[in-house]
Structures are given as C-alpha cells and as structure tokens.
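Undergrad: So here's start_33.txt, just compact mmCIF, C-alpha atoms:
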```txt
# COMPACT_ATOMS: atom_id res chain seq x y z
CA MET A 1 -56.24 116.09 -131.51
CA THR A 2 -54.75 112.62 -131.98
CA PRO A 3 -53.66 110.36 -129.07
CA VAL A 4 -50.01 110.92 -130.03
CA GLN A 5 -50.44 114.70 -129.90
CA ARG A 6 -52.02 114.41 -126.44
CA LEU A 7 -48.99 112.45 -125.20
CA ILE A 8 -46.38 114.92 -126.47
CA PRO A 9 -46.72 117.44 -123.60
CA LEU A 10 -46.52 114.64 -121.03
CA ALA A 11 -43.43 113.13 -122.64
CA LEU A 12 -41.71 116.51 -122.82
CA ALA A 13 -42.60 117.24 -119.20
CA LEU A 14 -41.10 113.92 -118.10
CA LEU A 15 -37.94 114.59 -120.08
CA SER A 16 -37.64 118.08 -118.59
CA THR A 17 -38.03 116.65 -115.08
CA PHE A 18 -35.35 114.01 -115.68
CA ALA A 19 -32.95 116.56 -117.19
CA ALA A 20 -33.44 118.93 -114.25
CA ASP A 21 -32.81 116.08 -111.81
CA ALA A 22 -29.60 115.23 -113.65
CA HIS A 23 -28.24 118.77 -113.42
CA ALA A 24 -29.25 118.92 -109.76
CA GLY A 25 -27.18 115.83 -109.01
CA GLY A 26 -30.08 113.37 -108.89
CA SER A 27 -29.53 109.62 -109.00
CA LEU A 28 -29.92 108.70 -112.65
CA GLY A 29 -27.53 105.80 -112.85
CA GLY A 30 -25.26 107.82 -115.17
CA PRO A 31 -25.97 109.20 -118.64
CA VAL A 32 -25.98 107.10 -121.76
CA GLY A 33 -22.54 106.81 -123.32
CA GLY A 34 -19.23 108.42 -122.45
CA PRO A 35 -16.63 107.57 -119.79
CA LEU A 36 -16.85 108.81 -116.22
CA SER A 37 -13.59 110.76 -116.44
CA GLY A 38 -15.34 114.03 -117.29
CA GLU A 39 -13.83 114.16 -120.80
CA PRO A 40 -15.96 113.89 -123.96
CA ALA A 41 -15.83 110.55 -125.77
CA PHE A 42 -15.33 110.75 -129.54
CA SER A 43 -16.18 107.95 -131.95
CA ALA A 44 -16.58 107.39 -135.68
CA THR A 45 -18.33 104.60 -137.57
CA ALA A 46 -17.85 103.77 -141.26
CA THR A 47 -20.43 101.53 -142.92
CA LEU A 48 -20.82 99.87 -146.30
CA ALA A 49 -24.45 98.81 -146.86
CA SER A 50 -26.13 96.97 -149.71
CA GLN A 51 -28.62 99.87 -149.83
CA TYR A 52 -29.84 102.77 -147.68
CA VAL A 53 -33.35 102.41 -146.26
CA TRP A 54 -34.83 105.24 -144.16
CA ARG A 55 -37.98 104.51 -142.14
CA GLY A 56 -38.84 101.72 -144.58
CA ILE A 57 -38.27 103.91 -147.65
CA ARG A 58 -35.39 103.31 -150.06
CA ARG A 59 -33.09 106.29 -150.34
CA SER A 60 -30.25 104.88 -152.47
CA ASP A 61 -32.43 103.55 -155.30
CA GLY A 62 -31.64 99.97 -154.25
CA ARG A 63 -27.91 100.55 -154.80
CA PRO A 64 -25.05 100.15 -152.28
CA ALA A 65 -24.44 103.07 -149.93
CA ALA A 66 -21.31 104.30 -148.17
CA GLN A 67 -21.96 105.90 -144.79
CA LEU A 68 -19.92 107.69 -142.14
CA GLY A 69 -20.92 108.92 -138.71
CA VAL A 70 -19.01 110.90 -136.06
CA ASN A 71 -20.20 111.47 -132.50
CA ALA A 72 -19.04 113.32 -129.40
CA ALA A 73 -20.67 112.35 -126.08
CA ASN A 74 -20.08 114.12 -122.78
CA PRO A 75 -20.44 112.22 -119.47
CA ASP A 76 -23.09 114.70 -118.32
CA GLY A 77 -25.43 113.40 -121.06
CA TRP A 78 -24.98 115.98 -123.81
CA SER A 79 -23.93 114.77 -127.26
CA ALA A 80 -23.58 116.00 -130.84
CA GLY A 81 -22.61 114.49 -134.14
CA ALA A 82 -22.97 114.22 -137.89
CA TRP A 83 -23.84 111.42 -140.30
CA LEU A 84 -23.38 111.10 -144.08
CA SER A 85 -24.75 108.64 -146.64
CA SER A 86 -24.52 108.34 -150.40
CA LEU A 87 -27.82 108.26 -152.30
CA GLY A 88 -28.96 106.68 -155.56
CA ASN A 89 -28.04 108.52 -158.76
CA ARG A 90 -31.69 108.53 -159.87
CA ASN A 91 -32.92 110.06 -156.62
CA ALA A 92 -33.91 113.73 -156.81
CA ASP A 93 -32.65 114.18 -153.23
CA GLY A 94 -29.18 114.54 -154.77
CA TRP A 95 -26.14 112.34 -154.35
CA LEU A 96 -25.58 112.84 -150.62
CA GLU A 97 -27.50 113.10 -147.37
CA TRP A 98 -25.83 114.81 -144.43
CA ASP A 99 -27.38 114.97 -140.97
CA VAL A 100 -26.32 116.94 -137.91
CA TYR A 101 -27.74 116.44 -134.43
CA GLY A 102 -27.34 117.30 -130.79
CA GLY A 103 -29.17 116.87 -127.53
CA TYR A 104 -29.37 115.31 -124.10
CA SER A 105 -29.83 111.71 -122.97
CA GLY A 106 -29.67 109.86 -119.69
CA LYS A 107 -31.34 107.21 -117.59
CA ARG A 108 -33.09 106.74 -114.29
CA GLY A 109 -32.88 103.16 -113.15
CA ASP A 110 -33.98 100.99 -116.07
CA LEU A 111 -35.64 103.90 -117.89
CA GLY A 112 -33.59 105.79 -120.46
CA TYR A 113 -34.66 109.01 -122.15
CA LYS A 114 -33.46 111.47 -124.79
CA LEU A 115 -34.38 114.83 -126.25
CA MET A 116 -32.59 115.63 -129.51
CA ALA A 117 -32.65 118.02 -132.45
CA TYR A 118 -31.82 116.88 -136.00
CA TYR A 119 -31.32 118.61 -139.34
CA TYR A 120 -31.21 116.62 -142.60
CA GLY A 121 -29.52 118.19 -145.64
CA TYR A 122 -29.35 117.14 -149.31
CA PRO A 123 -26.70 119.08 -151.27
CA GLY A 124 -27.50 119.33 -154.97
CA ALA A 125 -31.09 118.14 -154.56
CA LEU A 126 -33.68 119.11 -157.15
CA ALA A 127 -36.45 121.30 -155.77
CA ALA A 128 -39.46 123.09 -157.16
CA ALA A 129 -40.21 126.69 -156.23
CA GLY A 130 -41.50 127.02 -152.67
CA ALA A 131 -40.25 123.68 -151.33
CA ARG A 132 -37.00 122.69 -149.63
CA ARG A 133 -35.43 119.25 -149.40
CA GLY A 134 -33.70 119.81 -146.09
CA TYR A 135 -35.75 119.73 -142.90
CA GLY A 136 -35.40 119.73 -139.13
CA GLU A 137 -36.93 117.57 -136.39
CA LEU A 138 -37.22 117.52 -132.62
CA VAL A 139 -36.98 114.02 -131.19
CA ALA A 140 -38.18 112.69 -127.82
CA GLY A 141 -37.61 109.08 -126.84
CA LEU A 142 -37.96 106.64 -123.97
CA ASN A 143 -36.26 103.27 -123.52
CA TYR A 144 -37.03 100.65 -120.89
CA LYS A 145 -34.70 97.74 -120.12
CA THR A 146 -36.48 94.61 -118.88
CA ALA A 147 -35.09 91.76 -116.81
CA TYR A 148 -34.90 89.42 -119.82
CA ALA A 149 -32.08 91.01 -121.87
CA THR A 150 -34.76 92.93 -123.75
CA SER A 151 -35.33 96.65 -124.12
CA ILE A 152 -38.42 98.44 -125.41
CA ASN A 153 -38.22 101.88 -126.96
CA ALA A 154 -40.67 104.50 -128.21
CA THR A 155 -39.50 107.61 -130.09
CA TYR A 156 -41.45 110.51 -131.58
CA TYR A 157 -40.05 112.70 -134.38
CA ARG A 158 -41.73 116.03 -135.12
CA THR A 159 -40.88 118.29 -138.06
CA VAL A 160 -40.24 121.87 -136.93
CA THR A 161 -39.25 123.38 -140.30
CA ARG A 162 -41.79 124.65 -142.82
CA ASP A 163 -41.16 121.79 -145.29
CA PHE A 164 -40.56 118.06 -144.86
CA SER A 165 -38.28 116.27 -147.36
CA GLY A 166 -39.52 118.32 -150.30
CA ILE A 167 -43.18 118.42 -149.21
CA ALA A 168 -44.22 122.06 -148.89
CA ASN A 169 -45.93 123.50 -145.80
CA ALA A 170 -45.62 120.28 -143.80
CA ARG A 171 -44.58 121.66 -140.41
CA GLY A 172 -45.90 119.37 -137.67
CA THR A 173 -45.30 116.14 -139.58
CA GLY A 174 -44.87 113.31 -137.07
CA TYR A 175 -43.24 109.90 -137.07
CA VAL A 176 -43.67 107.33 -134.29
CA ASP A 177 -41.01 104.63 -133.91
CA VAL A 178 -41.68 101.67 -131.59
CA GLY A 179 -39.07 98.96 -131.25
CA VAL A 180 -37.87 95.95 -129.28
CA ARG A 181 -34.24 94.86 -128.89
CA HIS A 182 -33.37 91.43 -127.53
CA ALA A 183 -29.83 90.26 -126.77
CA ILE A 184 -29.59 86.70 -128.08
CA ASP A 185 -26.06 86.44 -126.70
CA LYS A 186 -23.23 88.83 -125.86
CA ALA A 187 -22.54 89.53 -129.52
CA THR A 188 -25.90 89.16 -131.30
CA THR A 189 -29.01 91.33 -131.00
CA LEU A 190 -32.46 90.92 -132.53
CA ASN A 191 -34.17 94.19 -133.52
CA LEU A 192 -37.89 94.61 -134.26
CA HIS A 193 -39.44 97.91 -135.35
CA ALA A 194 -42.76 99.41 -136.42
CA GLY A 195 -43.19 103.00 -137.58
CA ASP A 196 -46.00 105.33 -138.57
CA GLY A 197 -45.51 108.59 -140.47
CA ARG A 198 -48.21 111.28 -140.78
CA VAL A 199 -47.49 114.25 -143.04
CA ALA A 200 -49.08 117.49 -141.84
CA GLY A 201 -50.18 120.62 -143.65
CA GLY A 202 -53.39 119.80 -145.49
CA ASN A 203 -53.62 120.41 -149.25
CA GLY A 204 -53.46 116.68 -149.88
CA ASN A 205 -50.25 116.15 -147.89
CA ASP A 206 -51.83 113.16 -146.16
CA ALA A 207 -51.35 111.26 -149.44
CA TYR A 208 -47.71 110.89 -148.31
CA ASN A 209 -48.61 109.07 -145.07
CA TRP A 210 -46.91 105.73 -144.66
CA ARG A 211 -46.20 102.88 -142.25
CA ASP A 212 -43.23 100.55 -142.06
CA VAL A 213 -41.98 97.44 -140.28
CA LYS A 214 -38.50 96.02 -139.87
CA ALA A 215 -36.76 92.96 -138.44
CA GLY A 216 -33.00 92.56 -138.22
CA LEU A 217 -29.96 91.02 -136.57
CA ASN A 218 -26.76 92.75 -135.46
CA HIS A 219 -23.60 90.81 -134.67
CA LYS A 220 -20.50 92.35 -133.10
CA LEU A 221 -17.11 91.08 -134.24
CA ASP A 222 -13.66 91.73 -132.83
CA SER A 223 -11.78 95.04 -133.13
CA GLY A 224 -14.87 97.22 -133.57
CA TRP A 225 -16.32 95.42 -136.59
CA ALA A 226 -20.04 94.57 -136.83
CA LEU A 227 -22.32 92.77 -139.28
CA ALA A 228 -26.02 93.49 -139.72
CA ALA A 229 -28.88 92.10 -141.78
CA SER A 230 -32.44 93.39 -141.90
CA TYR A 231 -35.69 93.18 -143.83
CA SER A 232 -38.03 96.16 -143.95
CA ARG A 233 -41.20 97.07 -145.79
CA ALA A 234 -43.14 100.30 -146.18
CA TYR A 235 -46.88 100.58 -146.80
CA GLY A 236 -48.55 103.57 -148.40
CA GLY A 237 -50.09 104.99 -151.56
CA ASP A 238 -48.73 106.87 -154.54
CA GLY A 239 -47.52 109.69 -152.30
CA MET A 240 -45.23 107.31 -150.41
CA VAL A 241 -43.81 106.09 -153.71
CA ASN A 242 -42.97 109.67 -154.68
CA LEU A 243 -41.43 110.24 -151.25
CA GLU A 244 -39.21 107.23 -151.82
CA ARG A 245 -38.22 108.15 -155.34
CA GLY A 246 -37.55 111.77 -154.50
CA THR A 247 -40.05 113.11 -157.03
CA ILE A 248 -42.09 115.35 -154.74
CA ALA A 249 -40.46 118.65 -155.60
CA MET A 250 -38.92 117.74 -158.94
CA PRO A 251 -39.55 119.94 -161.96
CA ARG A 252 -42.42 118.50 -164.00
CA GLY A 253 -40.15 117.71 -166.94
CA GLU A 254 -38.08 115.34 -164.79
CA LEU A 255 -40.98 113.16 -163.68
CA ARG A 256 -40.96 111.13 -166.89
CA THR A 257 -37.73 109.39 -165.75
CA ILE A 258 -39.36 108.02 -162.60
CA PRO A 259 -41.34 104.72 -162.66
CA ASP A 260 -45.03 104.96 -161.77
CA ALA A 261 -46.45 103.53 -158.57
CA LYS A 262 -47.31 100.17 -160.14
CA ASN A 263 -43.72 99.57 -161.24
CA SER A 264 -41.98 101.22 -158.31
CA LYS A 265 -40.05 99.38 -155.61
CA GLY A 266 -41.98 101.33 -153.00
CA SER A 267 -44.39 98.52 -152.09
CA ARG A 268 -41.78 95.76 -151.99
CA GLY A 269 -39.65 94.67 -149.07
CA ALA A 270 -36.02 95.73 -148.79
CA VAL A 271 -33.13 93.58 -147.57
CA VAL A 272 -30.11 95.43 -146.21
CA LEU A 273 -26.76 93.81 -145.46
CA SER A 274 -24.03 95.91 -143.92
CA LEU A 275 -20.50 95.81 -142.58
CA ALA A 276 -19.44 98.54 -140.13
CA ARG A 277 -16.29 99.51 -138.26
CA THR A 278 -16.29 101.77 -135.20
CA PHE A 279 -13.13 103.65 -134.31
```
Now, as a test, write the supplied structure out as structure tokens.

TA:
Amino acid sequence: MTPVQRLIPLALALLSTFAADAHAGGSLGGPVGGPLSGEPAFSATATLASQYVWRGIRRSDGRPAAQLGVNAANPDGWSAGAWLSSLGNRNADGWLEWDVYGGYSGKRGDLGYKLMAYYYGYPGALAAAGARRGYGELVAGLNYKTAYATSINATYYRTVTRDFSGIANARGTGYVDVGVRHAIDKATTLNLHAGDGRVAGGNGNDAYNWRDVKAGLNHKLDSGWALAASYSRAYGGDGMVNLERGTIAMPRGELRTIPDAKNSKGSRGAVVLSLARTF
C-alpha cells in the first residue's frame, strides 16, 4: 500500500467529521461560496483559451479552445455544476469534453475542505471494444490559508469507474494535486502546481503514469473579466504521449495519423493564455 493510499481513509474521516459538524450547526466560519441569504448562487463563466491543457496534458491538440462553465452553490456548502470545452480535431477523444460535478465544501477556521464527485464525458469519441472514454472520479481536498496572503492546497482524485480516459480496467487510478496560491495584490494571484498521476489495473497500465508541473498568473479586471497566463509541462513515457493524443482506445487503423513519441508535443511545455468572463 502506498503512502497516498494510507492517507485516504484519514482524509475521508476528517471530511466526514467536518461535514457532520456543519449539519449540526458547528462553527465552520461559513461554507465556501454562496451568499448568506439561504438562496442558491448561480454563476457562469465563458473562457477563450489559446489551448486546453488538463493536468499537464494537451487536450485541444495545441489549438484554441472555447470553454463554458455553470455552477450552483448553496449557502449550506452543497454545489453542482457542468463544464464544457472544445477539443482538437485530431484528438480521438472527440470534439467536445463535458463534465458534471457535485459535492460539499466548507471551512473550519483557516482550513477549507471539499468532497466532490465528477464525471467526464466525450461525445463522439473513438473507442476500441471493451474501453470507454468517459470516466468518473471521487475528489477529496484540503486548503489551508496562511497569514501571508498565501494558501496551500492538496487534492486527491480517484477513478471509481471501470475505465479511465480510454484505458481499460483502470479503476483505482489516482491523481495527487498539490498547489500554492499567493495574492500578489488585490487583483493578481500567483499559482504554482505539481501533480502525479498513477494509472491502476496492471496489464501494463503503469506505462501511462505521468507527472506535471505548472506556474501561472491570474489577473482580475473590471466587470467580471479576468486574464490568465500559465506554463505547464508533463513528464512521462510513450503511454503518456498516447494519453495526450487520445490514441489509447483508437482502432489500430487510425494510429498511423498520430505522431510517434519522438515527434509528439507530449514532452514539451505548454503555454496557455486565456480571457474569461464571469456572469
């Protein structure tokens, strides 16, 4: 059993304790998001990005991506939403990714926490027999706000469906996300991230393991507009390249259209520039 697997039961127990305290009227400092009027808060964010990068892996084939997210957050800490992004036309994941999610989040003093469920869908994606593109994850996260306008977060994603992004029999795949956010001023935030993905299931699935790092800046403008710039890079072998290019479950005859690992963009860094508007 890995150290991360040993920590999962403890993290879930802590989250369960915090959630129970919240429903019992404990002092949590209020849940994350939402007004205190008792009515759900609805929001939508439209984004135009120079490309779509997911956990260090390019998902739009280096091309611009249009994205839209909608979210409903209740003052008691429960929330749900959906998110859409266009994909590259050479990506076997199809032309669109759509995600749906829901869960609970809150805070106790300077410690925030969340327990969420996500499902990621890819309409029109190519898939070989016995493997599905779409997959589901359970997500547990903690966030600590320091006294120096800095917050530290750690989030664990665990695949609960049989397959993971076209990789067959990969239930139990895990991804660890550790990040630091620092408020440079009231409008600008520095974001640093490191991630580690381990694909479960045996049968050579560990060839898809990867790691990634990211550094970026977010700047809020007036009237709900925001600018962002980031640089990310993923590290892994040929399996990671196939994960990026969407070739995992493609029919064998289609593989000839995909560059090999040596010529792929999988080992290069990715710069993302984006403009977003929240309504």

Undergrad: Of the residues A:Thr155, A:Thr146, A:Asn218, A:Ser60, which is the one nearest to Leu115 of chain A, using all atoms listed in the file?

TA: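 The closest residue to Leu115 of chain A is A:Thr155.
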
Undergrad: Excluding Arg211 of chain A and its own-chain neighbours fewer than 3 positions away, which residues fall within 12 Å of it when counting all atoms listed in the file? Please give them as a PDB file with C-alpha atoms, in the frame of the given file.

TA:
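Result saved to out20.pdb:
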```
ATOM      1  CA  TRP A  54     -34.830 105.240-144.160  1.00  0.00           C
ATOM      2  CA  ARG A  55     -37.980 104.510-142.140  1.00  0.00           C
ATOM      3  CA  GLY A  56     -38.840 101.720-144.580  1.00  0.00           C
ATOM      4  CA  ILE A  57     -38.270 103.910-147.650  1.00  0.00           C
ATOM      5  CA  GLY A 174     -44.870 113.310-137.070  1.00  0.00           C
ATOM      6  CA  TYR A 175     -43.240 109.900-137.070  1.00  0.00           C
ATOM      7  CA  VAL A 176     -43.670 107.330-134.290  1.00  0.00           C
ATOM      8  CA  ASP A 177     -41.010 104.630-133.910  1.00  0.00           C
ATOM      9  CA  VAL A 178     -41.680 101.670-131.590  1.00  0.00           C
ATOM     10  CA  HIS A 193     -39.440  97.910-135.350  1.00  0.00           C
ATOM     11  CA  ALA A 194     -42.760  99.410-136.420  1.00  0.00           C
ATOM     12  CA  GLY A 195     -43.190 103.000-137.580  1.00  0.00           C
ATOM     13  CA  ASP A 196     -46.000 105.330-138.570  1.00  0.00           C
ATOM     14  CA  GLY A 197     -45.510 108.590-140.470  1.00  0.00           C
ATOM     15  CA  ARG A 198     -48.210 111.280-140.780  1.00  0.00           C
ATOM     16  CA  VAL A 199     -47.490 114.250-143.040  1.00  0.00           C
ATOM     17  CA  TYR A 208     -47.710 110.890-148.310  1.00  0.00           C
ATOM     18  CA  LYS A 214     -38.500  96.020-139.870  1.00  0.00           C
ATOM     19  CA  SER A 232     -38.030  96.160-143.950  1.00  0.00           C
ATOM     20  CA  ARG A 233     -41.200  97.070-145.790  1.00  0.00           C
ATOM     21  CA  ALA A 234     -43.140 100.300-146.180  1.00  0.00           C
ATOM     22  CA  TYR A 235     -46.880 100.580-146.800  1.00  0.00           C
ATOM     23  CA  GLY A 236     -48.550 103.570-148.400  1.00  0.00           C
ATOM     24  CA  GLY A 237     -50.090 104.990-151.560  1.00  0.00           C
ATOM     25  CA  MET A 240     -45.230 107.310-150.410  1.00  0.00           C
ATOM     26  CA  GLY A 266     -41.980 101.330-153.000  1.00  0.00           C
ATOM     27  CA  SER A 267     -44.390  98.520-152.090  1.00  0.00           C
TER      28      SER A 267
END
```

Undergrad: Mind pulling up the distance from atom CA of Tyr52 of chain A to atom CA of Gly94 of chain A?

TA: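 Computed distance, atom CA of Gly94 of chain A to atom CA of Tyr52 of chain A, equals 13.8 Å.
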
Undergrad: Nearest to Asn191 of chain A among A:Gly216, A:Gly136, A:Gly124, A:Gly204, with distances taken over only C-alpha atoms: which residue is it?

TA: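 Checking each candidate against Asn191 of chain A, we get A:Gly216 as the closest.
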
Undergrad: From the options A:Asp222, A:Val53, A:Arg133, A:Ala200, which residue's atoms come nearest to Val271 of chain A, counting only C-alpha atoms?

TA: A:Val53

Undergrad: Which residue is closest to Leu142 of chain A? Choose from A:Leu275, A:Val180, A:Ala215, A:Val160 and count all atoms listed in the file.

TA: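 Among the listed residues, A:Val180 lies closest to Leu142 of chain A.
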
Undergrad: How far is it from atom CA of Tyr101 of chain A to atom CA of Trp78 of chain A, in Å with one decimal?

TA: 11.0 Å

Undergrad: What does the structure give for the distance between atom CA of Ala207 of chain A and atom CA of Ala140 of chain A, in Å to one decimal?

TA: 25.4 Å

Undergrad: With only C-alpha atoms as the counted atoms, please give the residues lying no more than 12 Å from Leu190 of chain A, apart from itself and same-chain residues fewer than 2 positions off, as a list in words.

TA: Ala149, Thr150, Ser151, Ile152, Gly179, Val180, Arg181, His182, Ala183, Ile184, Asp185, Lys186, Ala187, Thr188, Leu192, His193, Lys214, Ala215, Gly216, Leu217, Asn218, His219, Ala228, Ala229, Ser230 and Tyr231 of chain A

Undergrad: Counting only C-alpha atoms, which of A:Gly112, A:Gly172, A:Gly88, A:Gly202 gets nearest to Asp61 of chain A?

TA: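 Closest residue, counting only C-alpha atoms: A:Gly88.
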
Undergrad: From the options A:Ala44, A:Leu221, A:Ala117, A:Ala276, which residue's atoms come nearest to Val70 of chain A, counting all atoms listed in the file?

TA: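 Among A:Ala44, A:Leu221, A:Ala117, A:Ala276, it is A:Ala44 that comes nearest to Val70 of chain A.
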
Undergrad: Name the residues in contact with Asp110 of chain A at a cut-off of 7 Å, using all atoms listed in the file, excluding same-chain residues fewer than 2 positions from it; report them as JSON, numbers by chain.

TA: {"A": [107, 108, 112, 144, 145]}

Undergrad: Can you pull out every residue within 9 Å of Thr278 of chain A, counting only C-alpha atoms, but drop anything in the same chain fewer than 3 positions away, and send it as a ChimeraX atom specification?

TA: /A:43-47,223-226
